[in-house]
file work-v3.txt (compact mmCIF, C-alpha atoms)
# COMPACT_ATOMS: atom_id res chain seq x y z
CA MET A 1 79.38 111.98 119.77
CA THR A 2 81.29 111.66 123.06
CA ALA A 3 78.35 110.19 124.98
CA LEU A 4 77.58 107.77 122.16
CA ALA A 5 81.21 106.70 122.02
CA ALA A 6 81.20 106.07 125.75
CA ARG A 7 78.23 103.71 125.37
CA ARG A 8 79.40 101.85 122.29
CA LEU A 9 83.21 101.74 122.50
CA PRO A 10 84.36 98.73 124.53
CA ALA A 11 86.99 99.36 127.17
CA LEU A 12 90.48 98.08 126.53
CA PRO A 13 91.76 95.34 128.86
CA LEU A 14 94.58 96.55 131.11
CA ALA A 15 97.14 94.44 129.23
CA GLN A 16 96.27 96.38 126.04
CA ALA A 17 95.58 99.78 127.63
CA TRP A 18 99.08 100.48 128.89
CA PRO A 19 100.86 99.75 125.57
CA PHE A 20 98.15 101.81 123.85
CA LEU A 21 98.84 104.81 126.11
CA LEU A 22 102.63 104.50 125.91
CA LEU A 23 102.45 104.22 122.13
CA SER A 24 100.26 107.34 121.91
CA MET A 25 102.71 109.32 124.07
CA SER A 26 105.71 108.06 122.12
CA TRP A 27 104.30 108.75 118.67
CA GLY A 28 103.09 112.15 119.84
CA ALA A 29 106.68 112.95 120.84
CA SER A 30 107.97 111.73 117.47
CA PHE A 31 106.64 114.87 115.74
CA LEU A 32 108.53 117.01 118.24
CA PHE A 33 111.80 115.13 117.72
CA MET A 34 111.40 115.09 113.92
CA GLN A 35 110.87 118.84 113.92
CA GLN A 36 114.06 119.29 115.96
CA ALA A 37 116.13 117.09 113.64
CA VAL A 38 114.87 117.73 110.11
CA GLY A 39 116.09 121.32 109.86
CA GLU A 40 119.71 120.17 110.10
CA PHE A 41 119.56 116.64 108.66
CA GLY A 42 116.95 117.06 105.92
CA PRO A 43 113.96 114.73 105.43
CA LEU A 44 115.61 111.63 103.96
CA PRO A 45 118.64 111.56 106.29
CA THR A 46 116.36 112.16 109.30
CA ALA A 47 114.24 109.14 108.37
CA ALA A 48 117.28 107.00 107.53
CA VAL A 49 119.14 107.73 110.78
CA ARG A 50 115.93 107.16 112.73
CA VAL A 51 115.37 103.65 111.39
CA THR A 52 119.09 102.80 111.53
CA VAL A 53 119.22 103.71 115.23
CA ALA A 54 116.06 101.69 115.80
CA SER A 55 117.59 98.70 114.01
CA LEU A 56 120.79 98.86 116.08
CA PHE A 57 118.73 99.14 119.26
CA LEU A 58 116.41 96.24 118.45
CA LEU A 59 118.76 93.77 116.75
CA PRO A 60 120.64 92.59 119.89
CA LEU A 61 117.34 92.21 121.74
CA MET A 62 115.88 90.14 118.92
CA LEU A 63 118.93 87.88 118.66
CA ALA A 64 118.99 87.40 122.44
CA ARG A 65 115.37 86.18 122.24
CA GLY A 66 116.34 83.64 119.58
CA GLN A 67 114.31 85.23 116.77
CA GLY A 68 117.11 85.30 114.18
CA PRO A 69 115.95 82.09 112.40
CA ALA A 70 112.38 83.44 112.21
CA LEU A 71 113.62 86.62 110.51
CA ARG A 72 115.62 84.56 107.99
CA ARG A 73 112.48 82.56 107.15
CA HIS A 74 110.23 85.60 106.72
CA TRP A 75 112.70 88.28 105.65
CA ARG A 76 110.99 89.25 102.37
CA PRO A 77 107.57 90.34 103.71
CA VAL A 78 109.09 91.74 106.91
CA LEU A 79 111.64 93.94 105.12
CA PHE A 80 109.03 95.12 102.61
CA CYS A 81 106.66 95.97 105.44
CA GLY A 82 109.41 98.09 107.00
CA LEU A 83 109.81 100.19 103.89
CA LEU A 84 106.03 100.68 103.64
CA ASN A 85 105.38 101.17 107.35
CA SER A 86 108.48 103.16 108.35
CA GLY A 87 110.87 104.24 105.61
CA ILE A 88 108.50 106.02 103.24
CA PRO A 89 106.12 107.60 105.80
CA PHE A 90 108.96 108.76 108.07
CA ALA A 91 110.58 110.59 105.16
CA LEU A 92 107.24 112.11 104.11
CA PHE A 93 106.42 113.36 107.61
CA SER A 94 109.94 114.75 108.01
CA PHE A 95 109.43 116.76 104.82
CA ALA A 96 106.02 117.95 106.01
CA LEU A 97 107.46 119.26 109.29
CA LEU A 98 109.62 121.70 107.35
CA HIS A 99 106.41 123.54 106.42
CA LEU A 100 103.73 122.57 108.98
CA SER A 101 103.48 122.66 112.77
CA THR A 102 103.79 119.47 114.81
CA GLY A 103 100.15 119.82 115.94
CA LEU A 104 98.74 120.12 112.43
CA THR A 105 100.92 117.30 111.13
CA SER A 106 99.76 115.01 113.93
CA ILE A 107 96.10 115.82 113.21
CA LEU A 108 96.61 114.85 109.57
CA ASN A 109 98.26 111.66 110.85
CA ALA A 110 94.98 110.89 112.64
CA ALA A 111 93.47 110.21 109.20
CA VAL A 112 95.28 106.85 109.14
CA PRO A 113 92.16 104.84 110.14
CA LEU A 114 90.19 106.56 107.35
CA PHE A 115 92.61 105.20 104.80
CA GLY A 116 92.64 101.93 106.72
CA ALA A 117 88.91 101.58 106.15
CA LEU A 118 89.33 102.33 102.44
CA VAL A 119 92.16 99.81 102.13
CA ALA A 120 90.11 97.14 103.93
CA TRP A 121 87.24 97.86 101.53
CA SER A 122 89.27 97.73 98.33
CA TRP A 123 91.79 95.03 99.29
CA LEU A 124 90.06 92.79 101.82
CA GLY A 125 86.51 93.29 100.55
CA GLN A 126 85.21 94.73 103.82
CA ARG A 127 82.47 96.91 102.37
CA PRO A 128 81.48 99.74 104.74
CA GLY A 129 77.84 100.31 105.63
CA LEU A 130 76.08 103.66 105.51
CA SER A 131 77.32 104.77 108.94
CA ARG A 132 80.95 104.02 108.07
CA SER A 133 80.59 105.62 104.64
CA LEU A 134 79.32 108.81 106.28
CA GLY A 135 82.32 108.66 108.60
CA LEU A 136 84.69 108.41 105.65
CA ALA A 137 83.09 111.42 104.01
CA LEU A 138 83.12 113.42 107.25
CA GLY A 139 86.75 112.61 107.98
CA PHE A 140 87.95 113.63 104.55
CA VAL A 141 85.94 116.86 104.77
CA GLY A 142 87.86 117.67 107.95
CA VAL A 143 91.17 116.96 106.22
CA ALA A 144 90.15 119.12 103.24
CA LEU A 145 89.22 122.02 105.53
CA LEU A 146 92.59 121.80 107.29
CA ALA A 147 94.41 121.79 103.96
CA TRP A 148 92.32 124.70 102.62
CA ASP A 149 93.13 126.79 105.70
CA LYS A 150 96.86 126.26 105.15
CA VAL A 151 96.92 126.81 101.40
CA ALA A 152 94.13 128.96 99.96
CA PRO A 153 94.09 132.12 102.11
CA HIS A 154 97.81 132.80 101.91
CA GLY A 155 98.95 132.23 98.35
CA GLY A 156 102.56 132.46 97.20
CA GLY A 157 105.40 129.98 97.45
CA SER A 158 104.87 129.20 101.12
CA ALA A 159 101.28 128.15 100.44
CA VAL A 160 102.42 125.89 97.60
CA MET A 161 104.94 124.19 99.89
CA ALA A 162 102.31 123.87 102.60
CA GLY A 163 100.06 122.15 100.06
CA TRP A 164 102.84 119.71 99.18
CA ALA A 165 103.41 119.11 102.90
CA VAL A 166 99.73 118.26 103.43
CA LEU A 167 99.86 115.87 100.48
CA ALA A 168 102.99 114.26 101.94
CA CYS A 169 101.13 113.68 105.22
CA LEU A 170 98.21 112.05 103.43
CA LEU A 171 100.51 109.79 101.39
CA ALA A 172 102.24 108.78 104.62
CA THR A 173 98.91 107.88 106.24
CA LEU A 174 98.03 105.79 103.19
CA CYS A 175 101.31 103.90 103.60
CA TYR A 176 100.48 103.21 107.24
CA ALA A 177 97.03 101.93 106.29
CA LEU A 178 98.41 99.62 103.60
CA ALA A 179 101.08 98.32 105.98
CA ALA A 180 98.55 97.53 108.72
CA SER A 181 96.49 95.31 106.42
CA PHE A 182 99.67 93.81 104.93
CA THR A 183 100.89 92.96 108.44
CA HIS A 184 97.58 91.35 109.36
CA LYS A 185 97.47 89.35 106.12
CA TYR A 186 101.08 88.19 105.77
CA LEU A 187 102.79 88.61 109.17
CA SER A 188 100.06 87.47 111.54
CA GLY A 189 101.28 85.20 114.32
CA LEU A 190 104.92 86.27 114.09
CA ASN A 191 106.85 87.52 117.10
CA PRO A 192 106.34 91.32 117.49
CA LEU A 193 110.01 91.91 118.40
CA MET A 194 111.17 90.08 115.28
CA THR A 195 108.67 91.93 113.09
CA ALA A 196 109.64 95.30 114.54
CA THR A 197 113.37 94.62 114.16
CA GLY A 198 113.13 93.25 110.63
CA SER A 199 110.88 96.09 109.50
CA GLN A 200 113.37 98.71 110.72
CA ILE A 201 116.22 96.90 108.97
CA GLY A 202 114.17 96.88 105.77
CA ALA A 203 113.47 100.61 106.09
CA ALA A 204 117.15 101.33 106.77
CA LEU A 205 118.26 99.38 103.72
CA GLY A 206 115.66 101.08 101.52
CA LEU A 207 116.64 104.60 102.63
CA ALA A 208 120.43 104.13 102.79
CA LEU A 209 121.42 105.26 99.30
CA PRO A 210 118.94 108.16 98.99
CA ALA A 211 119.98 109.41 102.45
CA LEU A 212 123.68 109.28 101.60
CA TRP A 213 122.96 111.21 98.41
CA MET A 214 121.09 113.89 100.37
CA TRP A 215 123.38 113.94 103.42
CA PRO A 216 123.92 117.51 104.74
CA SER A 217 127.23 119.18 103.95
CA THR A 218 127.34 120.70 107.46
CA LEU A 219 127.62 118.31 110.41
CA PRO A 220 124.38 118.40 112.42
CA SER A 221 124.57 119.67 116.00
CA LEU A 222 124.52 117.51 119.12
CA HIS A 223 120.96 118.73 119.72
CA ALA A 224 119.84 117.39 116.33
CA TRP A 225 121.67 114.10 116.90
CA GLY A 226 120.02 113.74 120.30
CA ALA A 227 116.61 114.30 118.73
CA VAL A 228 117.15 111.69 116.02
CA VAL A 229 118.54 109.14 118.51
CA ALA A 230 115.46 109.65 120.70
CA LEU A 231 113.36 109.15 117.57
CA GLY A 232 115.11 105.88 116.82
CA VAL A 233 115.11 104.36 120.29
CA LEU A 234 111.92 105.60 121.95
CA CYS A 235 109.59 106.60 119.12
CA THR A 236 110.55 103.79 116.74
CA GLY A 237 112.34 100.86 118.38
CA VAL A 238 110.26 100.62 121.53
CA ALA A 239 107.11 102.00 119.86
CA TYR A 240 107.01 99.48 117.02
CA VAL A 241 107.33 96.53 119.38
CA LEU A 242 104.23 97.89 121.13
CA TYR A 243 102.49 98.56 117.81
CA PHE A 244 102.99 95.11 116.31
CA ARG A 245 101.86 93.58 119.59
CA LEU A 246 98.68 95.66 119.43
CA ILE A 247 98.03 94.52 115.85
CA GLU A 248 98.47 90.92 117.00
CA ASP A 249 96.20 91.35 120.04
CA MET A 250 93.57 93.76 118.69
CA GLY A 251 93.65 93.46 114.89
CA PRO A 252 94.79 96.17 112.46
CA ALA A 253 91.64 98.32 112.45
CA ARG A 254 91.50 98.70 116.22
CA ALA A 255 95.27 99.07 116.60
CA LEU A 256 95.20 101.99 114.15
CA THR A 257 92.90 103.87 116.52
CA VAL A 258 96.01 104.71 118.53
CA THR A 259 96.27 107.66 116.14
CA PHE A 260 93.22 109.20 117.87
CA ALA A 261 95.31 110.00 120.94
CA VAL A 262 98.56 110.93 119.17
CA PRO A 263 97.45 114.51 118.26
CA LEU A 264 96.58 115.23 121.90
CA PHE A 265 100.15 114.56 123.00
CA ALA A 266 101.72 116.15 119.89
CA ILE A 267 99.73 119.38 120.34
CA LEU A 268 100.60 119.42 124.06
CA TYR A 269 104.32 118.95 123.37
CA GLY A 270 104.33 121.51 120.55
CA ALA A 271 102.48 124.16 122.55
CA THR A 272 104.47 123.76 125.77
CA LEU A 273 107.95 123.00 124.43
CA LEU A 274 108.02 124.75 121.03
CA GLY A 275 105.56 127.57 121.66
CA GLU A 276 103.40 126.59 118.69
CA SER A 277 100.01 128.24 118.39
CA VAL A 278 96.86 126.12 118.53
CA THR A 279 94.00 127.78 116.63
CA PRO A 280 90.27 127.11 117.12
CA TRP A 281 90.08 126.23 113.41
CA MET A 282 92.75 123.54 113.82
CA LEU A 283 91.00 122.07 116.85
CA GLY A 284 87.59 122.19 115.16
CA CYS A 285 88.81 120.48 111.99
CA GLY A 286 90.69 117.96 114.12
CA ALA A 287 87.45 117.13 115.93
CA VAL A 288 85.71 116.62 112.57
CA VAL A 289 88.51 114.27 111.45
CA LEU A 290 88.37 112.28 114.66
CA CYS A 291 84.56 112.00 114.64
CA GLY A 292 84.64 110.82 111.04
CA THR A 293 87.36 108.32 111.85
CA VAL A 294 85.43 106.88 114.80
CA LEU A 295 82.47 106.29 112.46
CA ALA A 296 84.61 105.01 109.56
CA THR A 297 86.30 102.38 111.70
CA GLY A 298 82.99 101.15 113.08
CA LEU A 299 83.85 101.95 116.70
CA VAL A 300 80.62 103.96 116.82
CA LYS A 301 77.56 103.24 114.67
CA LEU A 302 74.80 105.72 114.01
CA PRO A 303 71.22 104.41 114.42
CA ILE A 304 70.61 104.24 110.67
CA ARG A 305 70.09 101.39 108.26
call {"tool": "encode", "arguments": {"input": "work-v3.txt", "output": "structure tokens"}}
result
Amino acid sequence: MTALAARRLPALPLAQAWPFLLLSMSWGASFLFMQQAVGEFGPLPTAAVRVTVASLFLLPLMLARGQGPALRRHWRPVLFCGLLNSGIPFALFSFALLHLSTGLTSILNAAVPLFGALVAWSWLGQRPGLSRSLGLALGFVGVALLAWDKVAPHGGGSAVMAGWAVLACLLATLCYALAASFTHKYLSGLNPLMTATGSQIGAALGLALPALWMWPSTLPSLHAWGAVVALGVLCTGVAYVLYFRLIEDMGPARALTVTFAVPLFAILYGATLLGESVTPWMLGCGAVVLCGTVLATGLVKLPIR
């Protein structure tokens, strides 16, 4: 698979390669920071503070670039995209990290392009060929094997919660896939800084009341606050400017392939900074997911008709 990918996958231009790499590193770190924050904040407040910090970071930059009128013209789709692309998935992944490791959660996140292919098929009418269909099946087999390893052998309440955590990850990836096609269809051509800022404002507004309802009774520590601020500024504010630019430059399907590299950084951060174990089963299933995703997105095509 690696040799075939090297022959078929076109190299990224330098102008796209560096945002791609920075985005992979940033989103890989987001699982680390979420894990550090969610234990004290809880899932909904973690997500809400994250997008609020991102909004406060991006808003002055957007206004300084004169993009306020553009946001007023397009506020409905931009704010909705924020709830779909940030608010809901951030809360779901925060919940998942209460029960799963950062490495496993990031591998499940790599299923985003699988759902992206399904969304493009059902919504945009982009019917996959046999090679891409095999990739979809292979990718979902890898996800199922990961979920089975976490749930079936252990039993009990912890296994049930792990199962819910896996489901939360998959729902989050579906949200990302829907948002990518929505962005391409309704927000194409808009300034990436405006889109990133407006989407974070939309996510913050959507999560405000639920987060206040679930706000922790004990004030989170400075460590937890530092983690959630880093999430907002680096892993959300800066990252989403890069992401929307990649969608504009590369298209949604290719931009979603950034999730291929995210698990590499997330596993590295988790193993070195949190002491998380990395099992051969996790790596093997992750390879199955990634191979299936490469086929499902059409980056590699098998020699079949």
call {"tool": "residues_near_point", "arguments": {"input": "work-v3.txt", "point": "(108.0, 124.2, 104.9)", "cutoff": "10 Å", "atoms": "only C-alpha atoms", "output": "VMD selection string"}}
result
chain A and resid 39 95 to 101 157 to 165
call {"tool": "residues_near_point", "arguments": {"input": "work-v3.txt", "point": "(120.0, 114.5, 103.2)", "cutoff": "7 Å", "atoms": "all atoms listed in the file", "output": "list in words"}}
result
Phe41, Gly42, Pro43, Leu44, Pro45, Ala211, Leu212, Trp213, Met214, Trp215 and Pro216 of chain A
call {"tool": "atom_distance", "arguments": {"input": "work-v3.txt", "atom1": "CA of Leu59 (chain A)", "atom2": "CA of Phe90 (chain A)"}}
result
19.9 Å
call {"tool": "residues_around", "arguments": {"input": "work-v3.txt", "residues": "Leu302 (chain A)", "least_positions_apart": "4", "cutoff": "9 Å", "atoms": "all atoms listed in the file", "output": "VMD selection string"}}
result
chain A and resid 4 130 to 132 295
call {"tool": "atom_distance", "arguments": {"input": "work-v3.txt", "atom1": "CA of Val53 (chain A)", "atom2": "CA of Ala261 (chain A)"}}
result
25.4 Å
